[in-house]
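input.tsv (TSV, all heavy atoms)
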```tsv
chain	number	residue	atom	x	y	z
A	22	MET	N	0.84	-1.16	0.00
A	22	MET	CA	0.00	0.00	0.00
A	22	MET	C	0.89	1.24	0.00
A	22	MET	O	1.90	1.28	0.68
A	22	MET	CB	-0.90	0.01	1.25
A	22	MET	CG	-1.67	1.28	1.40
A	22	MET	SD	-2.48	1.52	2.99
A	22	MET	CE	-3.52	0.14	3.08
A	23	VAL	N	0.48	2.21	-0.76
A	23	VAL	CA	1.16	3.49	-0.78
A	23	VAL	C	0.14	4.55	-0.40
A	23	VAL	O	-0.96	4.59	-0.97
A	23	VAL	CB	1.74	3.81	-2.18
A	23	VAL	CG1	2.31	5.21	-2.22
A	23	VAL	CG2	2.79	2.78	-2.56
A	24	VAL	N	0.47	5.37	0.56
A	24	VAL	CA	-0.37	6.52	0.92
A	24	VAL	C	0.31	7.74	0.32
A	24	VAL	O	1.44	8.06	0.67
A	24	VAL	CB	-0.51	6.67	2.45
A	24	VAL	CG1	-1.28	7.93	2.79
A	24	VAL	CG2	-1.17	5.43	3.03
A	25	GLU	N	-0.41	8.38	-0.58
A	25	GLU	CA	0.14	9.56	-1.24
A	25	GLU	C	-0.77	10.74	-0.94
A	25	GLU	O	-1.99	10.67	-1.15
A	25	GLU	CB	0.18	9.33	-2.75
A	25	GLU	CG	0.78	10.48	-3.53
A	25	GLU	CD	0.83	10.16	-5.02
A	25	GLU	OE1	1.53	9.20	-5.39
A	25	GLU	OE2	0.15	10.86	-5.78
A	26	ALA	N	-0.20	11.80	-0.39
A	26	ALA	CA	-1.00	12.97	-0.03
A	26	ALA	C	-0.10	14.19	0.08
A	26	ALA	O	1.11	14.07	0.29
A	26	ALA	CB	-1.70	12.73	1.30
A	27	ASN	N	-0.73	15.36	-0.05
A	27	ASN	CA	0.00	16.58	0.21
A	27	ASN	C	0.10	16.78	1.72
A	27	ASN	O	-0.41	15.98	2.50
A	27	ASN	CB	-0.66	17.78	-0.50
A	27	ASN	CG	-2.07	18.03	-0.04
A	27	ASN	OD1	-2.48	17.59	1.03
A	27	ASN	ND2	-2.84	18.75	-0.84
A	28	ALA	N	0.74	17.85	2.15
A	28	ALA	CA	0.96	18.08	3.57
A	28	ALA	C	-0.37	18.15	4.34
A	28	ALA	O	-0.50	17.57	5.42
A	28	ALA	CB	1.77	19.36	3.80
A	29	ALA	N	-1.34	18.84	3.78
A	29	ALA	CA	-2.64	18.96	4.46
A	29	ALA	C	-3.31	17.59	4.60
A	29	ALA	O	-3.87	17.28	5.65
A	29	ALA	CB	-3.55	19.92	3.68
A	30	GLY	N	-3.24	16.77	3.56
A	30	GLY	CA	-3.83	15.44	3.61
A	30	GLY	C	-3.15	14.54	4.63
A	30	GLY	O	-3.81	13.78	5.34
A	31	LEU	N	-1.84	14.63	4.73
A	31	LEU	CA	-1.11	13.83	5.71
A	31	LEU	C	-1.44	14.26	7.13
A	31	LEU	O	-1.58	13.43	8.03
A	31	LEU	CB	0.39	13.92	5.45
A	31	LEU	CG	0.87	13.23	4.17
A	31	LEU	CD1	2.34	13.57	3.91
A	31	LEU	CD2	0.67	11.73	4.24
A	32	LYS	N	-1.60	15.56	7.34
A	32	LYS	CA	-1.98	16.05	8.67
A	32	LYS	C	-3.39	15.57	9.03
A	32	LYS	O	-3.64	15.19	10.18
A	32	LYS	CB	-1.90	17.57	8.71
A	32	LYS	CG	-0.48	18.09	8.69
A	32	LYS	CD	-0.44	19.61	8.62
A	32	LYS	CE	0.99	20.10	8.47
A	32	LYS	NZ	1.06	21.56	8.30
A	33	THR	N	-4.29	15.59	8.07
A	33	THR	CA	-5.66	15.11	8.31
A	33	THR	C	-5.64	13.63	8.67
A	33	THR	O	-6.31	13.19	9.61
A	33	THR	CB	-6.55	15.37	7.09
A	33	THR	OG1	-6.62	16.77	6.85
A	33	THR	CG2	-7.95	14.82	7.29
A	34	LEU	N	-4.87	12.84	7.93
A	34	LEU	CA	-4.76	11.41	8.22
A	34	LEU	C	-4.20	11.20	9.62
A	34	LEU	O	-4.70	10.37	10.38
A	34	LEU	CB	-3.88	10.72	7.17
A	34	LEU	CG	-3.62	9.23	7.39
A	34	LEU	CD1	-4.92	8.44	7.39
A	34	LEU	CD2	-2.68	8.71	6.31
A	35	ALA	N	-3.18	11.95	9.96
A	35	ALA	CA	-2.57	11.84	11.30
A	35	ALA	C	-3.60	12.15	12.38
A	35	ALA	O	-3.66	11.46	13.40
A	35	ALA	CB	-1.37	12.77	11.42
A	36	CYS	N	-4.43	13.15	12.18
A	36	CYS	CA	-5.47	13.50	13.16
A	36	CYS	C	-6.49	12.37	13.30
A	36	CYS	O	-6.92	12.05	14.42
A	36	CYS	CB	-6.16	14.80	12.76
A	36	CYS	SG	-5.15	16.26	13.04
A	37	HIS	N	-6.88	11.77	12.17
A	37	HIS	CA	-7.82	10.64	12.23
A	37	HIS	C	-7.21	9.49	13.01
A	37	HIS	O	-7.89	8.87	13.85
A	37	HIS	CB	-8.18	10.16	10.82
A	37	HIS	CG	-9.07	11.08	10.05
A	37	HIS	ND1	-10.13	11.76	10.60
A	37	HIS	CD2	-9.07	11.41	8.74
A	37	HIS	CE1	-10.74	12.47	9.67
A	37	HIS	NE2	-10.11	12.28	8.54
A	38	LEU	N	-5.95	9.19	12.78
A	38	LEU	CA	-5.29	8.09	13.48
A	38	LEU	C	-5.15	8.40	14.97
A	38	LEU	O	-5.36	7.52	15.81
A	38	LEU	CB	-3.93	7.80	12.85
A	38	LEU	CG	-3.98	7.24	11.43
A	38	LEU	CD1	-2.58	7.20	10.83
A	38	LEU	CD2	-4.63	5.87	11.40
A	39	LEU	N	-4.82	9.64	15.31
A	39	LEU	CA	-4.71	10.01	16.72
A	39	LEU	C	-6.06	9.93	17.42
A	39	LEU	O	-6.14	9.53	18.58
A	39	LEU	CB	-4.13	11.42	16.86
A	39	LEU	CG	-2.63	11.53	16.58
A	39	LEU	CD1	-2.21	12.99	16.50
A	39	LEU	CD2	-1.84	10.79	17.64
A	40	THR	N	-7.13	10.27	16.73
A	40	THR	CA	-8.47	10.14	17.29
A	40	THR	C	-8.77	8.70	17.63
A	40	THR	O	-9.26	8.39	18.73
A	40	THR	CB	-9.53	10.69	16.31
A	40	THR	OG1	-9.30	12.09	16.11
A	40	THR	CG2	-10.94	10.47	16.81
A	41	LEU	N	-8.46	7.79	16.73
A	41	LEU	CA	-8.70	6.37	16.98
A	41	LEU	C	-7.81	5.83	18.10
A	41	LEU	O	-8.16	4.86	18.77
A	41	LEU	CB	-8.50	5.55	15.71
A	41	LEU	CG	-9.57	5.74	14.63
A	41	LEU	CD1	-9.14	5.04	13.34
A	41	LEU	CD2	-10.92	5.22	15.09
A	42	ALA	N	-6.66	6.44	18.31
A	42	ALA	CA	-5.70	5.96	19.32
A	42	ALA	C	-6.00	6.49	20.72
A	42	ALA	O	-5.39	6.02	21.69
A	42	ALA	CB	-4.28	6.37	18.92
A	43	GLN	N	-6.93	7.42	20.87
A	43	GLN	CA	-7.23	8.03	22.17
A	43	GLN	C	-7.76	7.00	23.16
A	43	GLN	O	-8.48	6.07	22.79
A	43	GLN	CB	-8.27	9.14	22.01
A	43	GLN	CG	-7.79	10.35	21.24
A	43	GLN	CD	-6.66	11.07	21.93
A	43	GLN	OE1	-6.72	11.36	23.12
A	43	GLN	NE2	-5.60	11.34	21.19
A	44	ASP	N	-7.40	7.20	24.42
A	44	ASP	CA	-7.97	6.39	25.50
A	44	ASP	C	-9.48	6.55	25.47
A	44	ASP	O	-9.99	7.66	25.26
A	44	ASP	CB	-7.43	6.83	26.86
A	44	ASP	CG	-5.97	6.49	27.05
A	44	ASP	OD1	-5.46	5.61	26.33
A	44	ASP	OD2	-5.33	7.11	27.93
A	45	GLY	N	-10.18	5.47	25.68
A	45	GLY	CA	-11.63	5.53	25.70
A	45	GLY	C	-12.29	5.28	24.36
A	45	GLY	O	-13.50	5.12	24.28
A	46	THR	N	-11.49	5.26	23.30
A	46	THR	CA	-12.05	4.94	21.99
A	46	THR	C	-12.26	3.43	21.95
A	46	THR	O	-11.32	2.67	22.20
A	46	THR	CB	-11.11	5.37	20.84
A	46	THR	OG1	-10.90	6.78	20.94
A	46	THR	CG2	-11.69	5.04	19.48
A	47	PRO	N	-13.48	2.98	21.67
A	47	PRO	CA	-13.76	1.55	21.75
A	47	PRO	C	-13.14	0.73	20.62
A	47	PRO	O	-12.93	1.24	19.51
A	47	PRO	CB	-15.29	1.48	21.68
A	47	PRO	CG	-15.69	2.72	20.97
A	47	PRO	CD	-14.67	3.76	21.32
A	48	ASP	N	-12.84	-0.51	20.93
A	48	ASP	CA	-12.39	-1.46	19.93
A	48	ASP	C	-13.44	-1.52	18.82
A	48	ASP	O	-14.64	-1.52	19.09
A	48	ASP	CB	-12.23	-2.84	20.58
A	48	ASP	CG	-11.67	-3.89	19.65
A	48	ASP	OD1	-10.74	-3.58	18.89
A	48	ASP	OD2	-12.18	-5.01	19.67
A	49	GLY	N	-13.03	-1.49	17.59
A	49	GLY	CA	-13.95	-1.55	16.47
A	49	GLY	C	-14.38	-0.19	15.95
A	49	GLY	O	-15.02	-0.11	14.90
A	50	ALA	N	-14.04	0.88	16.66
A	50	ALA	CA	-14.35	2.23	16.15
A	50	ALA	C	-13.64	2.40	14.82
A	50	ALA	O	-12.50	1.96	14.64
A	50	ALA	CB	-13.91	3.29	17.14
A	51	HIS	N	-14.31	3.02	13.87
A	51	HIS	CA	-13.71	3.14	12.55
A	51	HIS	C	-14.17	4.40	11.83
A	51	HIS	O	-15.17	5.00	12.19
A	51	HIS	CB	-14.00	1.91	11.70
A	51	HIS	CG	-15.47	1.69	11.46
A	51	HIS	ND1	-16.27	1.09	12.40
A	51	HIS	CD2	-16.26	1.99	10.41
A	51	HIS	CE1	-17.51	1.03	11.93
A	51	HIS	NE2	-17.53	1.58	10.72
A	52	LEU	N	-13.40	4.77	10.84
A	52	LEU	CA	-13.69	5.92	9.98
A	52	LEU	C	-13.61	5.46	8.53
A	52	LEU	O	-12.67	4.75	8.16
A	52	LEU	CB	-12.67	7.04	10.20
A	52	LEU	CG	-12.58	7.63	11.60
A	52	LEU	CD1	-11.31	8.47	11.72
A	52	LEU	CD2	-13.80	8.48	11.88
A	53	HIS	N	-14.57	5.88	7.73
A	53	HIS	CA	-14.55	5.58	6.30
A	53	HIS	C	-14.09	6.83	5.56
A	53	HIS	O	-14.69	7.89	5.71
A	53	HIS	CB	-15.95	5.20	5.80
A	53	HIS	CG	-16.42	3.89	6.30
A	53	HIS	ND1	-16.32	2.75	5.55
A	53	HIS	CD2	-16.99	3.52	7.48
A	53	HIS	CE1	-16.81	1.73	6.24
A	53	HIS	NE2	-17.22	2.19	7.42
A	54	LEU	N	-13.04	6.69	4.79
A	54	LEU	CA	-12.58	7.78	3.92
A	54	LEU	C	-12.86	7.34	2.50
A	54	LEU	O	-12.42	6.27	2.07
A	54	LEU	CB	-11.09	8.04	4.12
A	54	LEU	CG	-10.66	8.41	5.54
A	54	LEU	CD1	-9.16	8.59	5.61
A	54	LEU	CD2	-11.37	9.66	6.01
A	55	GLU	N	-13.64	8.14	1.80
A	55	GLU	CA	-14.04	7.80	0.44
A	55	GLU	C	-13.99	9.05	-0.43
A	55	GLU	O	-13.87	10.16	0.08
A	55	GLU	CB	-15.47	7.23	0.45
A	55	GLU	CG	-15.60	5.97	1.27
A	55	GLU	CD	-17.03	5.55	1.52
A	55	GLU	OE1	-17.94	6.39	1.36
A	55	GLU	OE2	-17.24	4.38	1.88
A	56	GLU	N	-14.12	8.84	-1.72
A	56	GLU	CA	-14.21	9.95	-2.65
A	56	GLU	C	-15.34	10.87	-2.20
A	56	GLU	O	-16.41	10.42	-1.82
A	56	GLU	CB	-14.49	9.39	-4.05
A	56	GLU	CG	-14.36	10.38	-5.16
A	56	GLU	CD	-14.55	9.73	-6.51
A	56	GLU	OE1	-13.91	8.68	-6.76
A	56	GLU	OE2	-15.33	10.26	-7.29
A	57	ASN	N	-15.11	12.15	-2.20
A	57	ASN	CA	-16.05	13.16	-1.74
A	57	ASN	C	-16.35	13.08	-0.24
A	57	ASN	O	-17.28	13.70	0.24
A	57	ASN	CB	-17.37	13.10	-2.54
A	57	ASN	CG	-17.15	13.33	-4.02
A	57	ASN	OD1	-16.39	14.21	-4.40
A	57	ASN	ND2	-17.80	12.54	-4.85
A	58	ASN	N	-15.57	12.30	0.49
A	58	ASN	CA	-15.67	12.24	1.95
A	58	ASN	C	-14.25	12.18	2.51
A	58	ASN	O	-13.88	11.25	3.19
A	58	ASN	CB	-16.49	11.02	2.39
A	58	ASN	CG	-16.64	10.95	3.90
A	58	ASN	OD1	-16.55	11.95	4.58
A	58	ASN	ND2	-16.85	9.76	4.41
A	59	GLY	N	-13.45	13.14	2.11
A	59	GLY	CA	-12.08	13.23	2.61
A	59	GLY	C	-11.01	12.84	1.61
A	59	GLY	O	-9.85	13.11	1.84
A	60	LEU	N	-11.40	12.19	0.51
A	60	LEU	CA	-10.42	11.80	-0.50
A	60	LEU	C	-10.74	12.47	-1.84
A	60	LEU	O	-11.88	12.79	-2.13
A	60	LEU	CB	-10.41	10.27	-0.68
A	60	LEU	CG	-10.06	9.44	0.54
A	60	LEU	CD1	-10.10	7.96	0.19
A	60	LEU	CD2	-8.71	9.82	1.11
A	61	GLU	N	-9.72	12.64	-2.64
A	61	GLU	CA	-9.90	13.23	-3.96
A	61	GLU	C	-10.65	12.29	-4.89
A	61	GLU	O	-10.64	11.07	-4.71
A	61	GLU	CB	-8.54	13.56	-4.59
A	61	GLU	CG	-7.80	14.67	-3.89
A	61	GLU	CD	-6.50	15.02	-4.59
A	61	GLU	OE1	-6.14	14.37	-5.59
A	61	GLU	OE2	-5.82	15.95	-4.11
A	62	GLU	N	-11.26	12.87	-5.90
A	62	GLU	CA	-11.97	12.08	-6.91
A	62	GLU	C	-11.02	11.06	-7.53
A	62	GLU	O	-9.88	11.35	-7.84
A	62	GLU	CB	-12.50	13.01	-8.00
A	62	GLU	CG	-13.36	12.33	-9.03
A	62	GLU	CD	-13.96	13.29	-10.03
A	62	GLU	OE1	-14.19	14.46	-9.67
A	62	GLU	OE2	-14.17	12.86	-11.17
A	63	GLY	N	-11.50	9.84	-7.67
A	63	GLY	CA	-10.70	8.76	-8.25
A	63	GLY	C	-9.86	7.99	-7.24
A	63	GLY	O	-9.23	7.00	-7.60
A	64	SER	N	-9.84	8.43	-5.99
A	64	SER	CA	-9.07	7.73	-4.96
A	64	SER	C	-9.84	6.50	-4.47
A	64	SER	O	-11.06	6.55	-4.34
A	64	SER	CB	-8.82	8.65	-3.76
A	64	SER	OG	-8.03	9.75	-4.12
A	65	PRO	N	-9.13	5.43	-4.19
A	65	PRO	CA	-9.82	4.26	-3.62
A	65	PRO	C	-10.23	4.54	-2.18
A	65	PRO	O	-9.57	5.33	-1.48
A	65	PRO	CB	-8.76	3.15	-3.69
A	65	PRO	CG	-7.46	3.88	-3.68
A	65	PRO	CD	-7.71	5.18	-4.38
A	66	GLY	N	-11.30	3.92	-1.73
A	66	GLY	CA	-11.76	4.10	-0.36
A	66	GLY	C	-10.79	3.50	0.64
A	66	GLY	O	-9.98	2.63	0.32
A	67	LEU	N	-10.87	3.99	1.86
A	67	LEU	CA	-9.98	3.53	2.92
A	67	LEU	C	-10.79	3.49	4.21
A	67	LEU	O	-11.55	4.42	4.50
A	67	LEU	CB	-8.80	4.50	3.07
A	67	LEU	CG	-7.81	4.27	4.19
A	67	LEU	CD1	-7.05	2.96	3.98
A	67	LEU	CD2	-6.83	5.43	4.28
A	68	VAL	N	-10.64	2.42	4.98
A	68	VAL	CA	-11.27	2.33	6.28
A	68	VAL	C	-10.16	2.24	7.32
A	68	VAL	O	-9.26	1.41	7.22
A	68	VAL	CB	-12.19	1.09	6.40
A	68	VAL	CG1	-12.77	0.98	7.80
A	68	VAL	CG2	-13.29	1.14	5.35
A	69	LEU	N	-10.23	3.13	8.30
A	69	LEU	CA	-9.31	3.11	9.43
A	69	LEU	C	-10.07	2.55	10.61
A	69	LEU	O	-11.13	3.07	10.96
A	69	LEU	CB	-8.82	4.53	9.76
A	69	LEU	CG	-8.19	5.32	8.61
A	69	LEU	CD1	-7.92	6.75	9.05
A	69	LEU	CD2	-6.92	4.65	8.15
A	70	GLU	N	-9.57	1.50	11.23
A	70	GLU	CA	-10.30	0.86	12.32
A	70	GLU	C	-9.37	0.55	13.49
A	70	GLU	O	-8.25	0.09	13.30
A	70	GLU	CB	-10.97	-0.44	11.84
A	70	GLU	CG	-11.78	-1.12	12.91
A	70	GLU	CD	-12.57	-2.30	12.37
A	70	GLU	OE1	-12.54	-2.56	11.17
A	70	GLU	OE2	-13.23	-2.95	13.17
A	71	ARG	N	-9.87	0.78	14.67
A	71	ARG	CA	-9.14	0.41	15.88
A	71	ARG	C	-9.40	-1.05	16.20
A	71	ARG	O	-10.54	-1.50	16.21
A	71	ARG	CB	-9.57	1.27	17.05
A	71	ARG	CG	-8.81	0.92	18.31
A	71	ARG	CD	-9.13	1.89	19.41
A	71	ARG	NE	-8.44	1.50	20.62
A	71	ARG	CZ	-7.95	2.35	21.50
A	71	ARG	NH1	-8.08	3.65	21.29
A	71	ARG	NH2	-7.35	1.93	22.58
A	72	CYS	N	-8.33	-1.78	16.46
A	72	CYS	CA	-8.46	-3.20	16.81
A	72	CYS	C	-7.49	-3.47	17.94
A	72	CYS	O	-6.28	-3.50	17.75
A	72	CYS	CB	-8.14	-4.08	15.59
A	72	CYS	SG	-8.25	-5.83	15.95
A	73	ASP	N	-8.02	-3.66	19.13
A	73	ASP	CA	-7.18	-3.88	20.31
A	73	ASP	C	-6.81	-5.34	20.53
A	73	ASP	O	-6.06	-5.64	21.43
A	73	ASP	CB	-7.89	-3.34	21.55
A	73	ASP	CG	-8.00	-1.82	21.53
A	73	ASP	OD1	-7.10	-1.17	20.99
A	73	ASP	OD2	-9.00	-1.30	22.04
A	74	ASP	N	-7.36	-6.24	19.72
A	74	ASP	CA	-7.09	-7.67	19.89
A	74	ASP	C	-5.72	-8.10	19.39
A	74	ASP	O	-5.24	-9.16	19.74
A	74	ASP	CB	-8.15	-8.50	19.17
A	74	ASP	CG	-9.52	-8.34	19.80
A	74	ASP	OD1	-9.59	-7.96	20.99
A	74	ASP	OD2	-10.51	-8.57	19.11
A	75	GLU	N	-5.10	-7.31	18.57
A	75	GLU	CA	-3.83	-7.72	17.96
A	75	GLU	C	-2.67	-7.00	18.54
A	75	GLU	O	-2.70	-5.98	19.05
A	75	GLU	CB	-3.88	-7.49	16.45
A	75	GLU	CG	-4.94	-8.34	15.82
A	75	GLU	CD	-5.08	-8.08	14.33
A	75	GLU	OE1	-4.21	-7.45	13.73
A	75	GLU	OE2	-6.08	-8.52	13.78
```
Rewritten as structure tokens:
Amino acid sequence: MVVEANAAGLKTLACHLLTLAQDGTPDGAHLHLEENNGLEEGSPGLVLERCDDE
């Protein structure tokens, strides 16, 4: 997998990941990033999910 983004996109991704990493965030919490929902047109969708079992 390659994550390609400008500086603003990388900062946004980092914020999403930090949100999922916060204490009190439940196992299985997830965010969907899709075209017109945080990603540029033509980008494949991405799901970020917290999994504490691994």
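Closest approach to A:Leu31 among A:Glu55, A:Leu60, A:Ala50, A:Asp74: A:Leu60, based on only C-alpha atoms.
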Using atom CA of A:Val23 and atom CA of A:Thr46 as the two end points, give the distance in Å to one decimal.
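Rounded to one decimal, the two atoms are 26.4 Å apart.
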I want to know what sits within 12 Å of A:Pro47, based on only C-alpha atoms, with residues of the same chain fewer than 6 positions away left out; could you give that as a ChimeraX atom specification?
/A:40-41,70-74
So that I can check the secondary structure, give me every residue of chain A assigned helix (DSSP H, G or I) by backbone DSSP, as a PyMOL selection string.
chain A and resi 28-42
Once DSSP has gone over the backbone, tell me which residues of chain A are in strand (DSSP E), as a list in words.
His51, Leu52, His53, Leu54, Glu55, Glu56, Gly59, Leu60, Leu67, Val68, Leu69 and Glu70 of chain A
Quick one: distance from atom CA of A:Asn27 to atom CA of A:His51 in Å, one decimal?
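Separation of atom CA of A:Asn27 and atom CA of A:His51: 22.8 Å.
We find atom N of A:Gly45 and atom O of A:Ala28 to be spaced 25.5 Å apart.
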Give the padded box for stretch 32-51 of chain A as lines of an AutoDock Vina configuration file: axis-aligned, covering all atoms listed in the file, 4 Å on each side, centre and edge lengths in Å to one decimal.
```
center_x = -8.2
center_y = 8.3
center_z = 17.1
size_x = 26.6
size_y = 34.6
size_z = 29.6
```
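Between A:Leu69 and the candidates A:Gly30, A:Asp48, A:Leu38, A:Gln43, the tightest atom-to-atom separation, counting all atoms listed in the file, involves A:Leu38.
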In file coordinates, which residues lie within 4.5 Å of (-14.3, 5.2, 4.7) using all atoms listed in the file, given as a list in words?
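Output: Leu52, His53, Leu54, Glu55, Leu67 and Val68 of chain A.
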